[in-house]
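Novice: My structure file start_25.pdb, PDB, C-alpha atoms, is below:
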ATOM      1  CA  MET A   1     -37.317   1.051   0.233
ATOM      2  CA  ALA A   2     -35.319  -0.984   2.724
ATOM      3  CA  SER A   3     -33.385  -2.639  -0.082
ATOM      4  CA  ARG A   4     -32.378   0.784  -1.458
ATOM      5  CA  ALA A   5     -31.112   1.862   1.964
ATOM      6  CA  PHE A   6     -29.170  -1.392   2.268
ATOM      7  CA  LEU A   7     -27.699  -0.964  -1.210
ATOM      8  CA  PHE A   8     -26.720   2.618  -0.391
ATOM      9  CA  ALA A   9     -25.024   1.439   2.822
ATOM     10  CA  ILE A  10     -23.066  -1.179   0.872
ATOM     11  CA  VAL A  11     -21.927   1.439  -1.655
ATOM     12  CA  VAL A  12     -20.779   3.785   1.126
ATOM     13  CA  VAL A  13     -18.827   1.018   2.866
ATOM     14  CA  ALA A  14     -17.249  -0.089  -0.406
ATOM     15  CA  ALA A  15     -16.244   3.465  -1.314
ATOM     16  CA  THR A  16     -14.719   3.994   2.114
ATOM     17  CA  ALA A  17     -12.781   0.732   2.006
ATOM     18  CA  ALA A  18     -11.744   1.082  -1.645
ATOM     19  CA  PRO A  19      -8.485   2.986  -1.075
ATOM     20  CA  ALA A  20      -7.151   0.311   1.249
ATOM     21  CA  ALA A  21      -8.494  -2.548  -0.837
ATOM     22  CA  PHE A  22      -6.942  -1.253  -4.036
ATOM     23  CA  ALA A  23      -3.693   0.133  -2.590
ATOM     24  CA  VAL A  24      -0.554  -0.622  -4.581
ATOM     25  CA  ASP A  25       2.961  -1.264  -3.286
ATOM     26  CA  TYR A  26       5.617   0.354  -5.489
ATOM     27  CA  VAL A  27       9.206  -0.831  -5.117
ATOM     28  CA  VAL A  28      11.105   2.366  -5.896
ATOM     29  CA  GLY A  29      13.375   1.663  -8.861
ATOM     30  CA  ASP A  30      11.710  -1.731  -9.449
ATOM     31  CA  ASP A  31      14.396  -4.475  -9.594
ATOM     32  CA  ALA A  32      17.235  -1.927  -9.316
ATOM     33  CA  GLY A  33      15.935  -0.648  -5.979
ATOM     34  CA  TRP A  34      17.142   2.522  -4.264
ATOM     35  CA  LYS A  35      20.734   3.087  -5.401
ATOM     36  CA  LEU A  36      22.999   5.293  -7.484
ATOM     37  CA  ASN A  37      22.789   5.376 -11.285
ATOM     38  CA  VAL A  38      19.021   4.878 -11.490
ATOM     39  CA  ASN A  39      16.802   7.497 -13.132
ATOM     40  CA  TYR A  40      13.984   7.879 -10.613
ATOM     41  CA  THR A  41      12.285  10.559 -12.700
ATOM     42  CA  ALA A  42      11.942   8.032 -15.523
ATOM     43  CA  TRP A  43      10.871   5.348 -13.042
ATOM     44  CA  ALA A  44       8.005   7.524 -11.697
ATOM     45  CA  GLN A  45       6.904   8.722 -15.130
ATOM     46  CA  GLY A  46       3.538   7.279 -16.139
ATOM     47  CA  LYS A  47       2.748   5.971 -12.651
ATOM     48  CA  GLU A  48      -0.229   7.309 -10.728
ATOM     49  CA  PHE A  49       0.132   7.298  -6.950
ATOM     50  CA  TYR A  50      -2.920   7.454  -4.692
ATOM     51  CA  VAL A  51      -3.544   7.882  -0.988
ATOM     52  CA  GLY A  52      -3.101   4.445   0.576
ATOM     53  CA  ASP A  53      -0.405   3.306  -1.879
ATOM     54  CA  ARG A  54       2.992   2.470  -0.430
ATOM     55  CA  LEU A  55       6.527   3.209  -1.585
ATOM     56  CA  VAL A  56       9.072   0.528  -0.709
ATOM     57  CA  PHE A  57      12.696   1.662  -0.699
ATOM     58  CA  LYS A  58      15.019  -1.372  -0.973
ATOM     59  CA  TYR A  59      18.765  -0.864  -0.555
ATOM     60  CA  ALA A  60      21.851  -2.202   1.214
ATOM     61  CA  VAL A  61      21.797  -1.186   4.901
ATOM     62  CA  GLY A  62      24.510   1.364   5.697
ATOM     63  CA  VAL A  63      25.063   2.199   2.021
ATOM     64  CA  HIS A  64      21.997   4.426   1.493
ATOM     65  CA  ASN A  65      19.105   5.972   3.423
ATOM     66  CA  VAL A  66      15.836   7.768   2.711
ATOM     67  CA  TYR A  67      14.663  11.190   3.808
ATOM     68  CA  LYS A  68      11.246  12.713   3.184
ATOM     69  CA  VAL A  69      11.900  16.390   2.449
ATOM     70  CA  ASN A  70      10.150  19.487   1.125
ATOM     71  CA  GLY A  71      10.510  20.893  -2.395
ATOM     72  CA  THR A  72      13.312  23.330  -1.514
ATOM     73  CA  ALA A  73      15.432  20.687   0.258
ATOM     74  CA  PHE A  74      14.817  18.388  -2.707
ATOM     75  CA  GLN A  75      16.014  20.978  -5.250
ATOM     76  CA  GLU A  76      19.061  21.920  -3.177
ATOM     77  CA  CYS A  77      19.797  18.371  -1.921
ATOM     78  CA  THR A  78      19.721  19.642   1.660
ATOM     79  CA  VAL A  79      19.960  16.708   4.061
ATOM     80  CA  PRO A  80      17.823  16.939   7.231
ATOM     81  CA  PRO A  81      19.139  15.852  10.655
ATOM     82  CA  PRO A  82      20.021  12.126  10.890
ATOM     83  CA  SER A  83      17.104  11.500  13.268
ATOM     84  CA  GLY A  84      14.733  11.820  10.290
ATOM     85  CA  ALA A  85      16.442   9.156   8.180
ATOM     86  CA  LEU A  86      14.888   5.826   7.230
ATOM     87  CA  THR A  87      17.699   3.273   7.405
ATOM     88  CA  SER A  88      16.266  -0.268   7.462
ATOM     89  CA  GLY A  89      17.106  -1.135   3.842
ATOM     90  CA  ASN A  90      13.446  -2.067   3.347
ATOM     91  CA  ASP A  91      11.652   1.152   4.223
ATOM     92  CA  VAL A  92       7.917   1.338   3.589
ATOM     93  CA  VAL A  93       6.281   4.757   3.250
ATOM     94  CA  THR A  94       2.490   4.852   3.164
ATOM     95  CA  LEU A  95       1.161   7.716   1.074
ATOM     96  CA  ALA A  96      -1.395   9.171   3.470
ATOM     97  CA  VAL A  97      -1.984  12.686   2.129
ATOM     98  CA  PRO A  98      -2.466  13.946  -1.441
ATOM     99  CA  GLY A  99       0.052  16.354  -2.953
ATOM    100  CA  ARG A 100       3.702  16.480  -4.025
ATOM    101  CA  LYS A 101       6.138  14.239  -2.123
ATOM    102  CA  TRP A 102       9.926  14.473  -2.229
ATOM    103  CA  TYR A 103      12.479  11.864  -1.144
ATOM    104  CA  LEU A 104      16.267  11.801  -1.279
ATOM    105  CA  CYS A 105      19.302   9.841  -0.160
ATOM    106  CA  GLY A 106      21.329  11.832   2.354
ATOM    107  CA  VAL A 107      24.526   9.786   2.236
ATOM    108  CA  GLY A 108      27.710  11.811   1.668
ATOM    109  CA  ASN A 109      26.020  14.956   3.013
ATOM    110  CA  GLY A 110      23.891  15.134  -0.133
ATOM    111  CA  THR A 111      26.347  13.815  -2.733
ATOM    112  CA  HIS A 112      24.087  10.826  -3.497
ATOM    113  CA  CYS A 113      21.162  13.219  -3.970
ATOM    114  CA  GLU A 114      23.285  15.448  -6.225
ATOM    115  CA  ALA A 115      24.133  12.333  -8.262
ATOM    116  CA  GLY A 116      20.391  11.810  -8.901
ATOM    117  CA  MET A 117      19.336   9.625  -5.992
ATOM    118  CA  LYS A 118      16.087  11.476  -5.373
ATOM    119  CA  LEU A 119      12.429  10.970  -6.165
ATOM    120  CA  VAL A 120       9.483  13.330  -6.579
ATOM    121  CA  ILE A 121       5.914  12.110  -7.043
ATOM    122  CA  THR A 122       2.374  13.473  -6.957
ATOM    123  CA  VAL A 123      -0.147  11.653  -4.792
ATOM    124  CA  PHE A 124      -3.827  11.832  -5.768
ATOM    125  CA  SER A 125      -6.654  11.748  -3.244
ATOM    126  CA  ALA A 126      -8.519   8.631  -4.352
ATOM    127  CA  ALA A 127      -8.039   5.793  -6.765
ATOM    128  CA  PRO A 128     -10.565   5.626  -9.583
ATOM    129  CA  ALA A 129     -13.525   3.434  -8.745
ATOM    130  CA  PRO A 130     -13.657   0.089 -10.538
ATOM    131  CA  ALA A 131     -16.204  -0.239 -13.318
ATOM    132  CA  PRO A 132     -19.548  -1.576 -12.129
ATOM    133  CA  MET A 133     -20.067  -5.270 -12.696
ATOM    134  CA  TYR A 134     -23.779  -4.970 -13.370
ATOM    135  CA  GLY A 135     -26.004  -2.472 -15.129
ATOM    136  CA  ALA A 136     -28.246  -0.028 -13.368
ATOM    137  CA  PRO A 137     -31.208  -1.522 -11.517
ATOM    138  CA  VAL A 138     -34.404  -1.820 -13.518
ATOM    139  CA  LYS A 139     -37.557  -0.353 -12.039
ATOM    140  CA  HIS A 140     -40.581  -2.561 -12.556
ATOM    141  CA  THR A 141     -43.960  -0.873 -12.804
ATOM    142  CA  SER A 142     -46.128  -3.966 -12.528
ATOM    143  CA  LYS A 143     -46.786  -5.458  -9.122
ATOM    144  CA  LYS A 144     -47.480  -8.943 -10.404
ATOM    145  CA  PRO A 145     -45.350 -10.946 -12.785
ATOM    146  CA  MET A 146     -46.447 -11.053 -16.380
ATOM    147  CA  SER A 147     -46.946 -14.337 -18.129
ATOM    148  CA  ILE A 148     -47.036 -15.113 -21.802
ATOM    149  CA  TRP A 149     -50.416 -16.730 -21.120
ATOM    150  CA  SER A 150     -51.903 -13.727 -19.333
ATOM    151  CA  ASN A 151     -53.843 -12.558 -22.403
ATOM    152  CA  TRP A 152     -55.045 -16.009 -23.449
ATOM    153  CA  LYS A 153     -58.152 -17.622 -22.222
ATOM    154  CA  LEU A 154     -57.959 -21.268 -21.600
ATOM    155  CA  LYS A 155     -61.216 -23.064 -22.213
ATOM    156  CA  LEU A 156     -61.755 -26.628 -21.312
ATOM    157  CA  ILE A 157     -63.832 -28.568 -23.713
ATOM    158  CA  HIS A 158     -65.757 -31.413 -22.276
ATOM    159  CA  PHE A 159     -66.981 -34.312 -24.389
TER     160      PHE A 159
END
Would you kindly transcribe this structure into structure tokens?

Specialist:
Amino acid sequence: MASRAFLFAIVVVAATAAPAAFAVDYVVGDDAGWKLNVNYTAWAQGKEFYVGDRLVFKYAVGVHNVYKVNGTAFQECTVPPPSGALTSGNDVVTLAVPGRKWYLCGVGNGTHCEAGMKLVITVFSAAPAPAPMYGAPVKHTSKKPMSIWSNWKLKLIHF
């Protein structure tokens, strides 16, 4: 019984740590980075983002920026106040909550966004669990090990 409780505890710890252990860093735009003339809709297509994953926005400092916005601001390319801008040129955004996420470049009072420099993704709550490495445990009904000789009688013959 103790071994089952221990195994259960290990499974719980592994499941809790799994999102961090399997988190993925996505460089937005891959080699192109965060800049004009990149199709970010095509870039995001086919990718699955999970809580714990990180988006990395790479761009030339002073040339672009990154704002996290809501769906309406995204559609209308409405730029929030400058205090909300990410401006390091190597901005890392950890995806902490599931749901839709919207990002845009606010340079030119939204002209970069209007030119397509914006990204929308859906973040899922948990990454799929990896396939088990071993089969299910086997329950043994016998309390003593069986031997191939257990049904044979060994007789000693004396001369």

Novice: Using only C-alpha atoms, which residues sit within 8 Å of range 83-92 of chain A once same-chain residues fewer than 5 positions away are excluded, as an MDAnalysis selection string?

Specialist: chainID A and resid 54:62 64:68

Novice: Applying 8 Å and all atoms listed in the file, which residues near Leu95 in chain A remain after dropping the ones on its own chain fewer than 5 positions away? List them as a short mmCIF file (atom, residue, chain, number, x, y, z; two decimals) with C-alpha atoms, in the frame of the given file.

Specialist:
data_model
loop_
_atom_site.label_atom_id
_atom_site.label_comp_id
_atom_site.auth_asym_id
_atom_site.auth_seq_id
_atom_site.Cartn_x
_atom_site.Cartn_y
_atom_site.Cartn_z
CA TYR A 50 -2.92 7.45 -4.69
CA VAL A 51 -3.54 7.88 -0.99
CA GLY A 52 -3.10 4.44 0.58
CA ASP A 53 -0.40 3.31 -1.88
CA ARG A 54 2.99 2.47 -0.43
CA LEU A 55 6.53 3.21 -1.58
CA VAL A 123 -0.15 11.65 -4.79
#

Novice: For Met117 in chain A, which residue out of A:Pro98, A:Ala42, A:Leu104, A:Tyr26 is the nearest one, using only C-alpha atoms?

Specialist: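 Closest candidate: A:Leu104.
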
Novice: Please report the interatomic distance between CA of Asn37 in chain A and CA of Glu114 in chain A in Å with one decimal.

Specialist: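 Interatomic distance here is 11.3 Å.
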
Novice: Kindly give the distance, in Å, that separates CA of Val107 in chain A and CA of Val27 in chain A, rounded to a single decimal.

Specialist: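 Between CA of Val107 in chain A and CA of Val27 in chain A the gap is 20.0 Å.
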
Novice: Any chance you could work out the residue set of the PyMOL selection byres ((chain A and resi 44) around 12) here, as a ChimeraX atom specification?

Specialist: /A:26-30,38-43,45-49,55,101-102,118-123

Novice: Tell me, in Å to one decimal, how far CA of Ser125 in chain A is from CA of Gly106 in chain A.

Specialist: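 Value for the CA of Ser125 in chain A-CA of Gly106 in chain A distance: 28.5 Å.
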
Novice: When you count all atoms listed in the file, which of these residues is closest to Gly110 in chain A: A:Phe124, A:Phe22, A:Val69, A:Cys77?

Specialist: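 Nearest to Gly110 in chain A: A:Cys77.
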